[in-house]
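Below is structure-v6.pdb, holding PDB, C-alpha atoms and all ligand atoms.
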```pdb
ATOM      1  CA  MET O  19      87.412  86.050  76.018
ATOM      2  CA  ASN O  20      87.436  86.513  72.237
ATOM      3  CA  HIS O  21      90.269  88.923  71.473
ATOM      4  CA  ASN O  22      89.157  89.954  67.980
ATOM      5  CA  SER O  23      87.394  92.936  69.488
ATOM      6  CA  ILE O  24      87.201  94.505  72.934
ATOM      7  CA  LEU O  25      84.336  96.724  74.107
ATOM      8  CA  LEU O  26      84.831  98.694  77.329
ATOM      9  CA  GLY O  27      83.350 101.708  79.080
ATOM     10  CA  LEU O  28      83.592 104.145  81.960
ATOM     11  CA  ILE O  29      80.501 105.006  84.010
ATOM     12  CA  GLY O  30      80.824 108.227  85.987
ATOM     13  CA  GLU O  31      80.060 111.931  86.054
ATOM     14  CA  ASP O  32      82.172 114.661  84.436
ATOM     15  CA  ILE O  33      84.508 112.195  82.755
ATOM     16  CA  SER O  34      85.164 113.998  79.464
ATOM     17  CA  LEU O  35      88.818 114.642  80.412
ATOM     18  CA  SER O  36      89.547 111.106  81.610
ATOM     19  CA  ARG O  37      92.744 109.698  80.089
ATOM     20  CA  THR O  38      91.671 106.100  80.756
ATOM     21  CA  PRO O  39      89.712 105.470  77.498
ATOM     22  CA  ALA O  40      92.701 106.281  75.283
ATOM     23  CA  MET O  41      95.039 104.072  77.347
ATOM     24  CA  HIS O  42      92.771 101.031  76.850
ATOM     25  CA  GLU O  43      92.023 101.694  73.174
ATOM     26  CA  ALA O  44      95.686 102.126  72.263
ATOM     27  CA  GLU O  45      96.763  99.080  74.273
ATOM     28  CA  GLY O  46      94.053  96.852  72.800
ATOM     29  CA  LEU O  47      94.901  97.983  69.257
ATOM     30  CA  ALA O  48      98.615  97.416  69.879
ATOM     31  CA  GLN O  49      97.731  93.861  70.903
ATOM     32  CA  GLY O  50      95.793  93.315  67.671
ATOM     33  CA  ALA O  51      92.209  93.775  68.885
ATOM     34  CA  ALA O  52      89.791  96.418  67.624
ATOM     35  CA  THR O  53      89.130  98.165  70.919
ATOM     36  CA  VAL O  54      86.409 100.672  71.706
ATOM     37  CA  TYR O  55      86.107 102.360  75.107
ATOM     38  CA  ARG O  56      82.979 104.494  75.649
ATOM     39  CA  ARG O  57      82.347 107.215  78.224
ATOM     40  CA  ILE O  58      78.924 106.688  79.865
ATOM     41  CA  ASP O  59      77.992 109.825  81.799
ATOM     42  CA  PRO O  60      74.461 110.445  83.142
ATOM     43  CA  LEU O  61      75.151 114.194  83.027
ATOM     44  CA  THR O  62      75.391 114.096  79.229
ATOM     45  CA  GLU O  63      72.398 114.480  76.911
ATOM     46  CA  ARG O  64      72.577 110.879  75.653
ATOM     47  CA  ALA O  65      72.336 109.286  79.095
ATOM     48  CA  ARG O  66      70.526 112.017  81.034
ATOM     49  CA  ASN O  67      68.337 110.882  83.950
ATOM     50  CA  ARG O  68      69.402 107.244  83.562
ATOM     51  CA  SER O  69      70.122 105.489  86.835
ATOM     52  CA  LEU O  70      73.380 103.677  87.492
ATOM     53  CA  GLU O  71      71.478 100.399  87.276
ATOM     54  CA  GLU O  72      70.119 101.264  83.812
ATOM     55  CA  LEU O  73      73.536 102.317  82.506
ATOM     56  CA  PHE O  74      75.182  99.233  83.978
ATOM     57  CA  ASP O  75      72.573  96.868  82.526
ATOM     58  CA  ALA O  76      72.729  98.564  79.126
ATOM     59  CA  ALA O  77      76.471  97.906  78.932
ATOM     60  CA  ARG O  78      76.078  94.358  80.210
ATOM     61  CA  PHE O  79      73.305  93.443  77.758
ATOM     62  CA  ALA O  80      75.145  95.101  74.863
ATOM     63  CA  GLY O  81      78.083  92.741  75.328
ATOM     64  CA  PHE O  82      80.641  95.047  76.940
ATOM     65  CA  ASN O  83      83.659  93.070  78.200
ATOM     66  CA  GLY O  84      84.248  95.389  81.122
ATOM     67  CA  LEU O  85      83.541  98.690  82.801
ATOM     68  CA  ASN O  86      85.452 101.148  84.872
ATOM     69  CA  ILE O  87      83.370 102.882  87.503
ATOM     70  CA  THR O  88      84.215 106.287  88.890
ATOM     71  CA  HIS O  89      82.802 109.117  91.000
ATOM     72  CA  PRO O  90      80.069 109.087  92.277
ATOM     73  CA  PHE O  91      79.309 105.362  91.712
ATOM     74  CA  LYS O  92      82.208 103.385  93.214
ATOM     75  CA  GLN O  93      80.155 102.369  96.268
ATOM     76  CA  ALA O  94      76.716 102.344  94.633
ATOM     77  CA  VAL O  95      77.763  99.718  92.074
ATOM     78  CA  LEU O  96      78.422  97.038  94.708
ATOM     79  CA  PRO O  97      74.820  95.726  95.012
ATOM     80  CA  LEU O  98      74.647  95.323  91.213
ATOM     81  CA  LEU O  99      77.533  92.844  91.057
ATOM     82  CA  ASP O 100      77.449  89.035  91.075
ATOM     83  CA  ASP O 101      80.893  88.733  92.703
ATOM     84  CA  ILE O 102      83.327  91.125  94.378
ATOM     85  CA  ALA O 103      87.057  90.527  94.848
ATOM     86  CA  GLU O 104      88.158  90.483  98.483
ATOM     87  CA  GLN O 105      90.051  93.808  98.530
ATOM     88  CA  ALA O 106      87.216  95.680  96.836
ATOM     89  CA  ALA O 107      84.651  94.117  99.157
ATOM     90  CA  GLN O 108      86.742  95.013 102.223
ATOM     91  CA  LEU O 109      87.123  98.612 101.093
ATOM     92  CA  GLY O 110      83.518  98.840  99.911
ATOM     93  CA  ALA O 111      84.499 100.427  96.585
ATOM     94  CA  VAL O 112      84.785  99.040  93.032
ATOM     95  CA  ASN O 113      86.363 100.813  90.054
ATOM     96  CA  THR O 114      86.645  97.854  87.636
ATOM     97  CA  VAL O 115      83.971  95.373  86.575
ATOM     98  CA  VAL O 116      84.729  92.359  84.414
ATOM     99  CA  ILE O 117      81.730  91.146  82.419
ATOM    100  CA  ALA O 118      81.876  87.517  81.274
ATOM    101  CA  GLU O 119      80.363  86.251  78.020
ATOM    102  CA  ASP O 120      77.270  85.086  79.916
ATOM    103  CA  GLY O 121      76.850  88.483  81.625
ATOM    104  CA  HIS O 122      78.285  87.435  84.996
ATOM    105  CA  THR O 123      79.913  90.457  86.669
ATOM    106  CA  THR O 124      82.889  90.620  89.043
ATOM    107  CA  GLY O 125      84.046  93.815  90.773
ATOM    108  CA  TYR O 126      87.645  94.756  91.577
ATOM    109  CA  ASN O 127      89.487  97.778  92.897
ATOM    110  CA  THR O 128      92.492  98.599  90.730
ATOM    111  CA  ASP O 129      92.907 102.018  92.392
ATOM    112  CA  VAL O 130      94.199 100.008  95.375
ATOM    113  CA  THR O 131      96.399  97.638  93.378
ATOM    114  CA  GLY O 132      97.494 100.427  91.023
ATOM    115  CA  PHE O 133      98.620 102.717  93.836
ATOM    116  CA  ALA O 134     100.466  99.793  95.434
ATOM    117  CA  ARG O 135     102.260  98.978  92.174
ATOM    118  CA  GLY O 136     103.254 102.630  91.769
ATOM    119  CA  LEU O 137     104.563 102.647  95.341
ATOM    120  CA  GLN O 138     106.727  99.563  94.720
ATOM    121  CA  GLU O 139     107.957 100.973  91.402
ATOM    122  CA  GLY O 140     108.506 104.581  92.497
ATOM    123  CA  LEU O 141     109.639 104.204  96.111
ATOM    124  CA  PRO O 142     111.363 100.835  96.383
ATOM    125  CA  ASP O 143     113.067 100.266  99.755
ATOM    126  CA  ALA O 144     111.548 103.413 101.327
ATOM    127  CA  THR O 145     110.949 103.180 105.088
ATOM    128  CA  MET O 146     107.206 102.851 105.489
ATOM    129  CA  THR O 147     106.667 102.435 109.220
ATOM    130  CA  THR O 148     104.737 105.660 109.738
ATOM    131  CA  ALA O 149     103.013 107.920 107.222
ATOM    132  CA  VAL O 150     100.577 110.793 107.040
ATOM    133  CA  GLN O 151      97.967 111.113 104.315
ATOM    134  CA  VAL O 152      96.177 114.413 103.781
ATOM    135  CA  GLY O 153      92.749 113.992 102.170
ATOM    136  CA  ALA O 154      90.063 111.416 102.991
ATOM    137  CA  GLY O 155      87.862 111.544  99.878
ATOM    138  CA  GLY O 156      87.237 108.924  97.206
ATOM    139  CA  VAL O 157      90.850 108.604  96.096
ATOM    140  CA  GLY O 158      92.038 108.900  99.700
ATOM    141  CA  ASN O 159      90.090 105.784 100.720
ATOM    142  CA  ALA O 160      91.835 103.619  98.120
ATOM    143  CA  VAL O 161      95.257 105.156  98.831
ATOM    144  CA  ALA O 162      94.960 104.658 102.606
ATOM    145  CA  TYR O 163      93.881 101.035 102.180
ATOM    146  CA  SER O 164      96.757 100.497  99.789
ATOM    147  CA  LEU O 165      99.308 102.073 102.148
ATOM    148  CA  VAL O 166      98.365  99.998 105.206
ATOM    149  CA  THR O 167      98.189  96.766 103.227
ATOM    150  CA  ASN O 168     101.577  97.456 101.600
ATOM    151  CA  GLY O 169     103.925  98.181 104.445
ATOM    152  CA  VAL O 170     102.748 101.239 106.376
ATOM    153  CA  GLU O 171     102.177 100.220 110.006
ATOM    154  CA  HIS O 172     100.721 103.461 111.355
ATOM    155  CA  LEU O 173      98.885 105.927 109.112
ATOM    156  CA  GLN O 174      97.386 109.237 110.185
ATOM    157  CA  VAL O 175      94.752 110.462 107.734
ATOM    158  CA  ALA O 176      94.015 114.171 108.009
ATOM    159  CA  ASP O 177      91.140 116.058 106.418
ATOM    160  CA  LEU O 178      89.562 119.490 106.810
ATOM    161  CA  ASP O 179      86.430 117.435 107.529
ATOM    162  CA  ILE O 180      87.513 115.339 110.520
ATOM    163  CA  ASN O 181      84.350 113.232 110.308
ATOM    164  CA  ARG O 182      85.463 112.021 106.873
ATOM    165  CA  ALA O 183      88.911 111.186 108.178
ATOM    166  CA  GLN O 184      87.493 109.268 111.124
ATOM    167  CA  ALA O 185      84.966 107.394 108.964
ATOM    168  CA  LEU O 186      87.775 106.367 106.597
ATOM    169  CA  ALA O 187      89.883 105.160 109.532
ATOM    170  CA  SER O 188      87.122 103.094 111.085
ATOM    171  CA  ASN O 189      86.163 101.569 107.697
ATOM    172  CA  ILE O 190      89.719 100.506 106.912
ATOM    173  CA  ASN O 191      90.577  99.361 110.441
ATOM    174  CA  SER O 192      87.561  97.090 110.558
ATOM    175  CA  ALA O 193      88.330  95.827 107.023
ATOM    176  CA  ILE O 194      91.912  94.843 107.820
ATOM    177  CA  GLY O 195      91.336  93.842 111.451
ATOM    178  CA  ARG O 196      93.888  96.134 113.120
ATOM    179  CA  GLU O 197      94.039  99.754 114.303
ATOM    180  CA  ALA O 198      96.434 100.927 111.588
ATOM    181  CA  VAL O 199      94.676 104.174 110.647
ATOM    182  CA  GLN O 200      93.855 107.197 112.783
ATOM    183  CA  GLY O 201      91.575 109.927 111.453
ATOM    184  CA  VAL O 202      92.604 113.449 112.513
ATOM    185  CA  ASP O 203      91.990 117.130 111.812
ATOM    186  CA  ALA O 204      94.142 118.572 109.036
ATOM    187  CA  ARG O 205      94.792 121.759 110.972
ATOM    188  CA  GLY O 206      98.181 121.460 112.686
ATOM    189  CA  ILE O 207      99.074 118.200 110.900
ATOM    190  CA  GLU O 208     102.622 119.472 110.212
ATOM    191  CA  ASP O 209     103.999 118.126 113.533
ATOM    192  CA  ALA O 210     102.800 114.621 112.655
ATOM    193  CA  ILE O 211     104.287 114.922 109.152
ATOM    194  CA  ALA O 212     107.628 116.071 110.588
ATOM    195  CA  ALA O 213     107.735 112.911 112.742
ATOM    196  CA  ALA O 214     106.583 110.467 110.011
ATOM    197  CA  ASP O 215     108.609 108.603 107.368
ATOM    198  CA  GLY O 216     106.490 109.901 104.519
ATOM    199  CA  VAL O 217     103.439 111.873 103.443
ATOM    200  CA  VAL O 218     100.878 111.572 100.649
ATOM    201  CA  ASN O 219      98.687 114.349  99.326
ATOM    202  CA  ALA O 220      95.236 112.949  98.442
ATOM    203  CA  THR O 221      93.493 116.325  98.230
ATOM    204  CA  PRO O 222      92.938 118.361  95.029
ATOM    205  CA  MET O 223      95.530 120.893  96.285
ATOM    206  CA  GLY O 224      98.253 121.357  93.705
ATOM    207  CA  MET O 225      95.947 121.046  90.677
ATOM    208  CA  SER O 226      95.970 123.990  88.318
ATOM    209  CA  THR O 227      92.481 124.769  89.640
ATOM    210  CA  HIS O 228      93.602 124.418  93.306
ATOM    211  CA  PRO O 229      97.085 125.930  93.438
ATOM    212  CA  GLY O 230      99.217 125.593  96.574
ATOM    213  CA  THR O 231      99.799 122.770  99.041
ATOM    214  CA  ALA O 232      97.485 121.121 101.574
ATOM    215  CA  PHE O 233      99.955 121.684 104.429
ATOM    216  CA  ASP O 234     102.918 123.892 105.304
ATOM    217  CA  VAL O 235     105.833 122.249 103.494
ATOM    218  CA  SER O 236     108.400 123.708 105.895
ATOM    219  CA  CYS O 237     107.836 120.535 107.997
ATOM    220  CA  LEU O 238     109.537 118.417 105.289
ATOM    221  CA  THR O 239     113.190 117.365 105.388
ATOM    222  CA  SER O 240     115.285 115.315 102.977
ATOM    223  CA  ARG O 241     114.596 112.053 104.867
ATOM    224  CA  HIS O 242     110.858 112.140 103.980
ATOM    225  CA  TRP O 243     109.343 110.412 100.979
ATOM    226  CA  VAL O 244     106.535 112.471  99.456
ATOM    227  CA  GLY O 245     103.678 111.206  97.277
ATOM    228  CA  ASP O 246     100.981 113.088  95.394
ATOM    229  CA  VAL O 247      97.824 111.778  93.688
ATOM    230  CA  VAL O 248      97.435 114.948  91.626
ATOM    231  CA  TYR O 249      98.804 114.617  88.086
ATOM    232  CA  MET O 250      97.574 117.813  86.436
ATOM    233  CA  PRO O 251     100.196 119.305  86.528
ATOM    234  CA  LEU O 252     102.655 116.406  86.636
ATOM    235  CA  GLU O 253     104.926 118.305  89.001
ATOM    236  CA  THR O 254     102.853 119.880  91.744
ATOM    237  CA  GLU O 255     104.143 122.576  94.062
ATOM    238  CA  LEU O 256     104.428 119.890  96.769
ATOM    239  CA  LEU O 257     106.565 117.589  94.590
ATOM    240  CA  LEU O 258     108.769 120.420  93.320
ATOM    241  CA  THR O 259     109.465 121.559  96.899
ATOM    242  CA  ALA O 260     110.134 117.986  98.006
ATOM    243  CA  GLN O 261     112.546 117.414  95.101
ATOM    244  CA  GLU O 262     114.408 120.631  95.932
ATOM    245  CA  LEU O 263     114.813 119.350  99.497
ATOM    246  CA  GLY O 264     116.188 116.036  98.204
ATOM    247  CA  CYS O 265     113.147 113.947  99.220
ATOM    248  CA  ARG O 266     112.191 110.820  97.273
ATOM    249  CA  THR O 267     108.933 111.474  95.437
ATOM    250  CA  LEU O 268     106.043 109.583  93.866
ATOM    251  CA  ASP O 269     103.872 111.458  91.379
ATOM    252  CA  GLY O 270     100.174 110.943  90.642
ATOM    253  CA  THR O 271     100.716 109.435  87.197
ATOM    254  CA  ARG O 272     101.779 106.059  88.570
ATOM    255  CA  MET O 273      98.419 105.372  90.246
ATOM    256  CA  ALA O 274      96.510 106.671  87.218
ATOM    257  CA  ILE O 275      98.487 104.466  84.811
ATOM    258  CA  HIS O 276      98.643 101.330  86.943
ATOM    259  CA  GLN O 277      94.910 101.334  87.716
ATOM    260  CA  ALA O 278      94.424 101.095  83.943
ATOM    261  CA  VAL O 279      97.187  98.512  83.478
ATOM    262  CA  ASP O 280      95.619  96.270  86.128
ATOM    263  CA  ALA O 281      92.123  96.804  84.701
ATOM    264  CA  PHE O 282      93.250  95.956  81.145
ATOM    265  CA  ARG O 283      94.742  92.684  82.397
ATOM    266  CA  LEU O 284      91.494  91.825  84.218
ATOM    267  CA  PHE O 285      89.278  92.814  81.272
ATOM    268  CA  THR O 286      91.203  90.889  78.610
ATOM    269  CA  GLY O 287      93.484  88.322  80.251
ATOM    270  CA  LEU O 288      96.255  89.853  78.111
ATOM    271  CA  GLU O 289      99.467  91.227  79.631
ATOM    272  CA  PRO O 290      99.565  94.979  78.953
ATOM    273  CA  SER O 291     102.713  96.978  78.282
ATOM    274  CA  VAL O 292     103.175  99.484  81.118
ATOM    275  CA  ASP O 293     105.509 101.599  78.979
ATOM    276  CA  ARG O 294     103.003 101.779  76.135
ATOM    277  CA  MET O 295     100.115 102.690  78.452
ATOM    278  CA  ARG O 296     102.321 105.310  80.155
ATOM    279  CA  ALA O 297     103.215 106.808  76.761
ATOM    280  CA  THR O 298      99.515 107.041  75.824
ATOM    281  CA  PHE O 299      98.695 108.605  79.196
ATOM    282  CA  LEU O 300     101.452 111.227  78.872
ATOM    283  CA  ALA O 301     100.604 112.044  75.248
ATOM    284  CA  GLN O 302      97.152 113.388  76.218
TER     285      GLN O 302
HETATM  286  P1  LIG B   1      87.285 114.282  97.003
HETATM  287  O1  LIG B   1      86.683 115.623  96.776
HETATM  288  O2  LIG B   1      86.434 113.066  97.121
HETATM  289  O3  LIG B   1      88.208 114.333  98.327
HETATM  290  C1  LIG B   1      89.125 115.345  98.602
HETATM  291  C2  LIG B   1      89.275 115.440 100.122
HETATM  292  O4  LIG B   1      90.317 116.370 100.407
HETATM  293  C3  LIG B   1      88.011 115.969 100.821
HETATM  294  O5  LIG B   1      87.675 115.102 101.886
HETATM  295  C4  LIG B   1      88.415 117.360 101.313
HETATM  296  O6  LIG B   1      87.793 117.713 102.543
HETATM  297  C5  LIG B   1      89.909 117.181 101.497
HETATM  298  N1  LIG B   1      90.670 118.425 101.409
HETATM  299  C6  LIG B   1      90.605 119.379 100.448
HETATM  300  N2  LIG B   1      91.518 120.347 100.715
HETATM  301  C7  LIG B   1      92.151 119.995 101.840
HETATM  302  C8  LIG B   1      93.199 120.572 102.613
HETATM  303  N3  LIG B   1      93.754 121.739 102.243
HETATM  304  N4  LIG B   1      93.608 119.931 103.718
HETATM  305  C9  LIG B   1      93.045 118.763 104.084
HETATM  306  N5  LIG B   1      92.043 118.150 103.425
HETATM  307  C10 LIG B   1      91.612 118.768 102.295
HETATM  308  O7  LIG B   1      88.346 114.100  95.825
HETATM  309  P2  LIG B   1      88.971 112.728  95.325
HETATM  310  O8  LIG B   1      88.039 112.088  94.372
HETATM  311  O9  LIG B   1      89.440 111.965  96.500
HETATM  312  O10 LIG B   1      90.209 113.255  94.457
HETATM  313  C11 LIG B   1      91.302 113.943  95.037
HETATM  314  C12 LIG B   1      92.292 114.295  93.942
HETATM  315  O11 LIG B   1      92.866 113.106  93.436
HETATM  316  C13 LIG B   1      91.657 114.931  92.702
HETATM  317  O12 LIG B   1      91.568 116.301  92.863
HETATM  318  C14 LIG B   1      92.594 114.538  91.587
HETATM  319  O13 LIG B   1      93.558 115.562  91.380
HETATM  320  C15 LIG B   1      93.307 113.327  92.119
HETATM  321  N6  LIG B   1      93.046 112.087  91.377
HETATM  322  C16 LIG B   1      94.106 111.291  91.131
HETATM  323  C17 LIG B   1      93.918 110.091  90.489
HETATM  324  C18 LIG B   1      95.098 109.223  90.183
HETATM  325  O14 LIG B   1      94.897 108.124  89.664
HETATM  326  N7  LIG B   1      96.310 109.643  90.466
HETATM  327  C19 LIG B   1      92.631 109.684  90.124
HETATM  328  C20 LIG B   1      91.564 110.507  90.406
HETATM  329  C21 LIG B   1      91.773 111.713  91.044
END
```

Mind turning the file's structure into structure tokens?
Ligand code: NAD
Amino acid sequence: MNHNSILLGLIGEDISLSRTPAMHEAEGLAQGAATVYRRIDPLTERARNRSLEELFDAARFAGFNGLNITHPFKQAVLPLLDDIAEQAAQLGAVNTVVIAEDGHTTGYNTDVTGFARGLQEGLPDATMTTAVQVGAGGVGNAVAYSLVTNGVEHLQVADLDINRAQALASNINSAIGREAVQGVDARGIEDAIAAADGVVNATPMGMSTHPGTAFDVSCLTSRHWVGDVVYMPLETELLLTAQELGCRTLDGTRMAIHQAVDAFRLFTGLEPSVDRMRATFLAQ
């Protein structure tokens, strides 16, 4: 692509607080390209009542180099794409779309690759044979896929809505061709956590708006590794408790930063600076 200027966007609902636009704009500028990253939200006045297809086509025809796609469109965008990378197609969810000069579109899932990179960076050498993940929503789908394709052999996914947990398990098991994931009820999940090598929170519990933890943390001991996808606040009650116990921890910033790092590389072909993108993320 031409690196004199970079035009990117995020299509999703309620995205005014997203830290992704600033990460891309600062990184592009630091690499010498005038970079603009627009929020495209059909709940705002400017785009109200526009369908995903209209918003997507508008960006494509206007010469955008790439789009991030977030809730509630990560599945709905698939039929609009010309090509889909294998991981994203297997999972059935796309969060990054590269738009070529001629308008050809390719979908990727950098939530999956970003979580995996954070895992390697934040928990190198951790035993990953068995794990429990609490939360089977949008983020949970990408995290579970990432865990079982990056070392976890047996993953129990627990949710208050057991149907969601079971649907996630069957989707991922059929995608990867082995019975790696089991969907279970979140009530009473503490025994499974006590027996596992590690646990990941993929629920909103721990956010300032959802204080507390998704499970009783008295099941944790120092031999567990503990991950959280929540990053507002940076140190959730779960992570603080785990650190006090001496557990190895992985906070939610790594996934949030690395999904953008991987997307920037795909959008531009340029190698981003992880430290610079992390600094922009943390400064917001
Ligand atoms: P979602 O609403 O799609 O899914 C949340 C799931 O958690 C639901 O299935 C719900 O039933 C379940 N749940 C809620 N409370 C529970 C509990 N106490 N026990 C068991 N299950 C419970 O949400 P999402 O889009 O998957 O996002 C989850 C969180 O991820 C967000 O709240 C946000 O804090 C965080 N997030 C992190 C990143 C990142 O890059 N690190 C990106 C986006 C969102």

Surroundings of ligand LIG 1 (chain B) up to 8 Å, based on all atoms listed in the file, as a PDB file with C-alpha atoms, in the coordinates of the input:
```
ATOM      1  CA  HIS O  89      82.802 109.117  91.000  1.00  0.00           C
ATOM      2  CA  ASP O 129      92.907 102.018  92.392  1.00  0.00           C
ATOM      3  CA  PHE O 133      98.620 102.717  93.836  1.00  0.00           C
ATOM      4  CA  VAL O 152      96.177 114.413 103.781  1.00  0.00           C
ATOM      5  CA  GLY O 153      92.749 113.992 102.170  1.00  0.00           C
ATOM      6  CA  ALA O 154      90.063 111.416 102.991  1.00  0.00           C
ATOM      7  CA  GLY O 155      87.862 111.544  99.878  1.00  0.00           C
ATOM      8  CA  GLY O 156      87.237 108.924  97.206  1.00  0.00           C
ATOM      9  CA  VAL O 157      90.850 108.604  96.096  1.00  0.00           C
ATOM     10  CA  GLY O 158      92.038 108.900  99.700  1.00  0.00           C
ATOM     11  CA  ASN O 159      90.090 105.784 100.720  1.00  0.00           C
ATOM     12  CA  ALA O 176      94.015 114.171 108.009  1.00  0.00           C
ATOM     13  CA  ASP O 177      91.140 116.058 106.418  1.00  0.00           C
ATOM     14  CA  LEU O 178      89.562 119.490 106.810  1.00  0.00           C
ATOM     15  CA  ASP O 179      86.430 117.435 107.529  1.00  0.00           C
ATOM     16  CA  ARG O 182      85.463 112.021 106.873  1.00  0.00           C
ATOM     17  CA  ALA O 183      88.911 111.186 108.178  1.00  0.00           C
ATOM     18  CA  ASP O 203      91.990 117.130 111.812  1.00  0.00           C
ATOM     19  CA  ALA O 204      94.142 118.572 109.036  1.00  0.00           C
ATOM     20  CA  ARG O 205      94.792 121.759 110.972  1.00  0.00           C
ATOM     21  CA  ALA O 220      95.236 112.949  98.442  1.00  0.00           C
ATOM     22  CA  THR O 221      93.493 116.325  98.230  1.00  0.00           C
ATOM     23  CA  PRO O 222      92.938 118.361  95.029  1.00  0.00           C
ATOM     24  CA  MET O 223      95.530 120.893  96.285  1.00  0.00           C
ATOM     25  CA  GLY O 224      98.253 121.357  93.705  1.00  0.00           C
ATOM     26  CA  MET O 225      95.947 121.046  90.677  1.00  0.00           C
ATOM     27  CA  THR O 231      99.799 122.770  99.041  1.00  0.00           C
ATOM     28  CA  ALA O 232      97.485 121.121 101.574  1.00  0.00           C
ATOM     29  CA  PHE O 233      99.955 121.684 104.429  1.00  0.00           C
ATOM     30  CA  ASP O 246     100.981 113.088  95.394  1.00  0.00           C
ATOM     31  CA  VAL O 247      97.824 111.778  93.688  1.00  0.00           C
ATOM     32  CA  VAL O 248      97.435 114.948  91.626  1.00  0.00           C
ATOM     33  CA  TYR O 249      98.804 114.617  88.086  1.00  0.00           C
ATOM     34  CA  MET O 250      97.574 117.813  86.436  1.00  0.00           C
ATOM     35  CA  ASP O 269     103.872 111.458  91.379  1.00  0.00           C
ATOM     36  CA  GLY O 270     100.174 110.943  90.642  1.00  0.00           C
ATOM     37  CA  THR O 271     100.716 109.435  87.197  1.00  0.00           C
ATOM     38  CA  ARG O 272     101.779 106.059  88.570  1.00  0.00           C
ATOM     39  CA  MET O 273      98.419 105.372  90.246  1.00  0.00           C
ATOM     40  CA  ALA O 274      96.510 106.671  87.218  1.00  0.00           C
ATOM     41  CA  ILE O 275      98.487 104.466  84.811  1.00  0.00           C
ATOM     42  CA  GLN O 277      94.910 101.334  87.716  1.00  0.00           C
TER      43      GLN O 277
END
```

Inset, instruction - Within 6 Å of segment 35-51 of chain O, counting all atoms listed in the file, which residues show up once you throw out same-chain ones fewer than 5 positions away? Write them as a list in words, please. - result: His21, Asn22, Ser23, Met295 and Thr298 of chain O

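Between atom CA of Ala198 of chain O and atom CA of Gln174 of chain O the interatomic distance comes to 8.5 Å.
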
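Atom CA of Arg57 of chain O is found 22.1 Å from atom CA of Val130 of chain O.
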
Legend entry - Given all atoms listed in the file as the counted atoms, nearest of O:Gly245, O:Thr147, O:Gln261, O:Asp234 to Asp215 of chain O: O:Thr147

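Using all atoms listed in the file, the nearest neighbour of Ser69 of chain O within the list O:Asp100, O:Asp143, O:Asp120, O:Glu31 is O:Glu31.
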
Inset, instruction - Pull the neighbourhood of (75.0, 117.5, 84.5) for me: all residues within 8 Å in file coordinates, counting only C-alpha atoms, as a list in words. - result: Glu31, Asp32, Pro60, Leu61, Thr62 and Arg66 of chain O

Inset, instruction - Please work out which residues fall within 9 Å of (97.7, 105.7, 101.8), coordinates as given in the file, with only C-alpha atoms counting, and return them as a ChimeraX atom specification. - result: /O:133,149-151,158-166,170,173,175,217-218,220

Inset, instruction - Using only C-alpha atoms, find the one residue out of O:Ala77, O:Ala52, O:Ala94, O:Ile180 that sits nearest to Gly27 of chain O. - result: O:Ala77

Could you please fill out segment 34-41 of chain O with N, CA, C and O atoms and send it back as a compact mmCIF listing (two decimals), in the coordinates of the input?
```txt
# COMPACT_ATOMS: atom_id res chain seq x y z
N SER O 34 84.71 113.69 80.83
CA SER O 34 85.16 114.00 79.46
C SER O 34 86.69 114.11 79.38
O SER O 34 87.26 113.84 78.33
N LEU O 35 87.36 114.48 80.47
CA LEU O 35 88.82 114.64 80.41
C LEU O 35 89.58 113.39 80.84
O LEU O 35 90.81 113.40 80.90
N SER O 36 88.86 112.32 81.15
CA SER O 36 89.55 111.11 81.61
C SER O 36 90.54 110.59 80.56
O SER O 36 90.23 110.52 79.37
N ARG O 37 91.72 110.22 81.00
CA ARG O 37 92.74 109.70 80.09
C ARG O 37 92.67 108.18 79.97
O ARG O 37 93.43 107.57 79.23
N THR O 38 91.76 107.56 80.74
CA THR O 38 91.67 106.10 80.76
C THR O 38 91.20 105.51 79.43
O THR O 38 91.77 104.51 78.97
N PRO O 39 90.16 106.09 78.75
CA PRO O 39 89.71 105.47 77.50
C PRO O 39 90.84 105.31 76.48
O PRO O 39 91.01 104.23 75.90
N ALA O 40 91.63 106.35 76.29
CA ALA O 40 92.70 106.28 75.28
C ALA O 40 93.74 105.23 75.65
O ALA O 40 94.27 104.54 74.76
N MET O 41 94.05 105.09 76.94
CA MET O 41 95.04 104.07 77.35
C MET O 41 94.57 102.68 76.94
O MET O 41 95.35 101.88 76.41
```
